[in-house]
Each structure stands twice: as structure tokens, then as C-alpha cells.
Amino acid sequence: MLTLLEIENIAVIAKAEVETERGFNTLTGETGAGKSLLIDSLGLVLGGRAQRELIRAGEDYASVRALFYRPELSPFLEDLGLSPEEDGTVLLQRRIYRDGRNVCRFGAETISLSTLKAIGSRLVAIHGQHDGTALLSSSAHIDFIDGYCRDSEALEDYRRKFRAYKEAERALEEARANAGQRQARIDFLDFQVREISEAGLRDGEEEELTARRKLLDSAEELLAASEKAENASGAAIDALDDTASAVEDIAAVDTDMEENASRLREIFYELKEIHRELASYASRVEFNPEELAEAEERLGVIYRLERKYGLTVADVLETLDKATKELDELTYAEEHGEEMEKDVAEKRAAAEAAANKLSDIRKKGGEELCGRICAELQFLDMPKTRVTFRLMPCELWEKGAERVELLISTNPMEEPKPLAKIASGGELSRIMLAMKSVFSASDDVPVLIFDEIDTGVSGRAAEKIALKISELARERQVLCITHLPVIAAAADRHLLIEKDPETLLTRVRPIEGEERVREIARIMRGDHLTDAALENARELLRKEN
């Protein structure tokens, strides 16, 4: 249960502490006192939308802290990686800043907003006066059945198969729409592949041809230079042979010259080897205009492809590889359009099967839900009301193969019709409370908050609503903001929301005894309190308690 709510800098609330107890807690106050701010504050600390307009004028931040007692939540908190308190308390905190910053905490631990929402959904269910809008909107009616059936597994299975079907269908539509563009692309890629492939390029070829062209282009100069080098080396060999022989003669007498003689002879033999290589090179050098022209032509082909497809032969070959792969993929897509159509049909069939399973669950659950709602409405003084859900088959959509509309008849002689055409404001309030009662019985949220759900209700119907809320409060903690004296009088604890006459700031405090009598009388008769009004309030409190 919620034990403490601390609010700071929320609109006209500078600081407020709201202490609640088990059972039925009611909150009353004059219009404009700030009752809705309590609901906004609680929604904020439970992970609701943060509106910077809530921050009190002149302040940089607004803060809300809520303390709950919920020991059963420990396993869930541990699954989230949080450390629950040993005493079973859960402290949630949220602070919002004007600059857009947002800080959420579980105890002293900083947590994400999504984690705060997950925890909050296990602690509190807020039912506001605007929930009637959802009742009138048929688009929300399918969620009523799904919420009651608890068919999240079947619904998620359907949604997964529906998404797979729509993705396959979208891919097929894109393939069909792009057929013309795809053919143009195929033609372009086919031209690229043929042009590059027919050239027969190989990596390193350009460098080899460039070097060979340089040789062929300089053949005459190379031949002249090689002949000159050959003649000069021949003369040098004869001179070196004479030199080496003379030094060898000296070494035969003077051993100190043996090393010089040996070195000269080695140089002589090395020079003779170079002379033979020069002679061989000169014999190989020839001017071949045809080979030079072929090299020039081949390099021209390479340069042209490089200008179109890359800076080097390696780049051109990479372009060929990519174009070949893309061409294969496009050709495959074109050839296998029938397979895509078959895939769409199979995925649609799977989605339809999952939708049919979901429909069966909804039909059975809808009948049960209608029976339970009618039973609750009988207690709430609408005994002849009939409620039914109409399931209307439709094309597959995100939530299945049908649309759902809640139909109602308050007259046994008339067939059920859409809720928006039949129900009055007071009837809407009771229908909503009946549904909340049914849903509350099937979930384990410990705190229920009703924000002025008694709109348009009075007399006997108001008494029945008070009894129903009191009944819910036996199993859950209930906080109810109300304008009806009979509901306020039925509460176990009464909190007054008022503005300080001097500061005009909102404050919340518990009232009892004669002060509570005066507040009940004010709700009944307004600010002009007569003895009769006070006595009526006392009588109502005695009756309800």
C-alpha cells in the first residue's frame, strides 16, 4: 500500500505530505484547491509524462517521493537488478528540472524511466474521470477484452507473425514497383561486367607493361650504350691482365705483394664476367616497333578502364567483383519472384491462424467479461442493463482479424447499441466502475485510485458506488477524490485538500470528528452551513460507518 506521498514545487504546492492508511481513503476539497495535482504528482512518480509546466513558478525543479509497503514485489525487483529493502518498503523518487533533466530513483539507486514505469505499474492503478472517453471510443474496446483475457502470449504471437507477413508483403510490393528500375540496373551492370571481363585484366599488369614500354622506347640508346660499355670493358680487361701479371711477377720475389696480386686477379675475372654479360645484353637489345605499339595499345585499354572504374587495375577488378555479385542478386530476385509470392502467402496463412486463435480467446473471454460486468451493474442499481461485445471481422491489422465494439442496452425492450448513443454521464460512471471492479479482481495491483469517477451520479446510485468502493477497499487500498458526500462519508480516512488563506498554497491534512462533519456538510450544501446541514452530515457519517 501507499503510506506516504511527499510533493515539492508542484504548481501551487510548495511542500505537502500525504499520509494514507489501509482501506478506503477519500480526498475532498473545494474546486481549484489542487486535488488534480495530487493525481498528477502520483502519476509523475510512477513514470508518467513529465510536464515542465508543473514546476512551481520561480523554482528550478519539482520533486515527488512515494513510499509503499509491498514485500511481495521483492522477486520482481531482484529480476530488475535492484536490491529491495528488508522491511518490504519501496521508495520511488522523481525529480524534473526546467532544463529538461529527469532523475528517477529507487531508494538511493538511480534508475531509468522505463524501470520506474515497470515498478509503478505493479503498485498503483489510476482510474480517472477521463476514462469514460475510452469507454466511448470503440478503438479502445478491443483492449478491454484483451486486458481481461490476459492473452498477451497469444497476442504477441499474432503480432510477431503479422509483422513477418507485412514485411514479406512490403518486400514483394517493392520488388514489383522496382521491376523497371531493376531491369535498367541489370542492363547497366551487365555492360560493366562484359566490358571489364573482356579486357582480361590481371593485377600488376600495368606496371609490367609500363616497364616494357620504357625499354622498347629506348632500345637504340640502350644498344649504343651497351656496345660502348662492351668495347671499353674489353680494353680494360687487357690492361688489367697486364697489370695483374706484372704484380704477380713482383709477388714471386716479394711475398708482400701476394695479396695485391690476388686481388687484381679477382678483379680481372669479375670484369671478364661483366664483359660477357654486356655482350649478351647487347645481343638481346633490339628495336621492335610492333611490340611497342602493342604495349601502347594495351596500356590505352587499361587507362580507359581506370578512368571509368577506379584509379588502379585493382580498383577496376574490385568493381568487376561487386558488379558481378549485384548482378547475380538482381537476376536471382527477378527469377524468384514466385518464391516471394509463395513466402507472402505462407506468412499470411500463419498470421491468419494466430488471429483465429486470438479471436476464439476473445469470444470466450468477451462473454465472461460481459456476464461479470452485468453482475456488477446490477449491484450498482442498473439491474436491467445488458452488455455485449460485438466482434466485427476485418482485414488483418496490428491487433488481429476483428474490430471490437462495446454495446449496451439499458432497456430490456431494445437491442444493445453503441455505448456513445445510449449511456448518460451517470451511467458511464457506473459502467466504468463495474469494469474496474472486474479487472481489479483479476490483477494484483495493491493501490486503486479513483479520480472523480462519480460524475453525473447521485441518490441511490451514489450509495451503491460508495458500497462498491468500500467493498474494493477490503482487499486493496483505495484513494478516492470525490464531490459526493455519500462517498466521502463511507471512507475510513478523510483527507482535506485546501488552500492556505494567507499563502494561497495547497496543503493536505487529515480531518475527523466535527471538522469532518463540517466538510461533509459543505459538500452537501456549500459554504452556507446550517444546523440542519450539519445534522444531515452527522447522520450520513453514522449511516456509512
# chains A, B, ... in the order shown; residues from 1 in each chain; ligands from 1
>>> select_by_dssp(residues="region 468-505 of chain A", states="strand (DSSP E)", output="list of chain:residue names")
A:Gln477, A:Val478, A:Leu479, A:Cys480, A:Ile481, A:Arg493, A:His494, A:Leu495, A:Leu496, A:Ile497, A:Glu498, A:Lys499
>>> write_last_selection(atoms="C-alpha atoms", output="CSV table (one decimal), in the first residue's frame")
chain,number,residue,atom,x,y,z
A,477,GLN,CA,-6.0,0.3,-0.6
A,478,VAL,CA,-8.3,2.8,-2.3
A,479,LEU,CA,-7.8,6.6,-2.7
A,480,CYS,CA,-10.8,8.4,-4.0
A,481,ILE,CA,-11.2,12.0,-4.9
A,493,ARG,CA,-9.8,8.1,6.4
A,494,HIS,CA,-10.7,11.6,5.2
A,495,LEU,CA,-8.0,13.9,3.8
A,496,LEU,CA,-8.9,17.6,3.2
A,497,ILE,CA,-7.2,19.4,0.3
A,498,GLU,CA,-7.3,23.2,0.8
A,499,LYS,CA,-5.5,26.4,0.1
>>> residues_around(residues="Asn9 (chain A)", least_positions_apart="3", cutoff="7 Å", atoms="only C-alpha atoms", output="number ranges by chain")
A: 13-15, 55-56, 59, 61-63
>>> residues_around(residues="Asp343 (chain A)", least_positions_apart="3", cutoff="12 Å", atoms="only C-alpha atoms", output="list in words")
Ala164, Tyr165, Lys166, Glu167, Ala168, Glu169, Arg170, Ala171, Leu172, His336, Gly337, Glu338, Glu339, Met340, Glu346, Lys347, Arg348, Ala349 and Ala350 of chain A
>>> residues_around(residues="Ala154 (chain A)", least_positions_apart="6", cutoff="10 Å", atoms="only C-alpha atoms", output="ChimeraX atom specification")
/A:146,160,354-355,357-359,361
>>> closest_residue(among="A:Ser233, A:Ser114, A:Ser138, A:Thr331", to="Ala184 (chain A)", atoms="only C-alpha atoms")
A:Thr331
>>> atom_distance(atom1="CA of Ala229 (chain A)", atom2="CA of Glu259 (chain A)")
28.7 Å
>>> residues_around(residues="Glu463 (chain A)", least_positions_apart="6", cutoff="9 Å", atoms="only C-alpha atoms", output="list in words")
Leu380, Val486 and Ile487 of chain A
>>> closest_residue(among="A:Val447, A:Ala420, A:Val64, A:Val404", to="Ile142 (chain A)", atoms="only C-alpha atoms")
A:Val404
>>> atom_distance(atom1="CA of Ile237 (chain A)", atom2="CA of Ile250 (chain A)")
20.0 Å
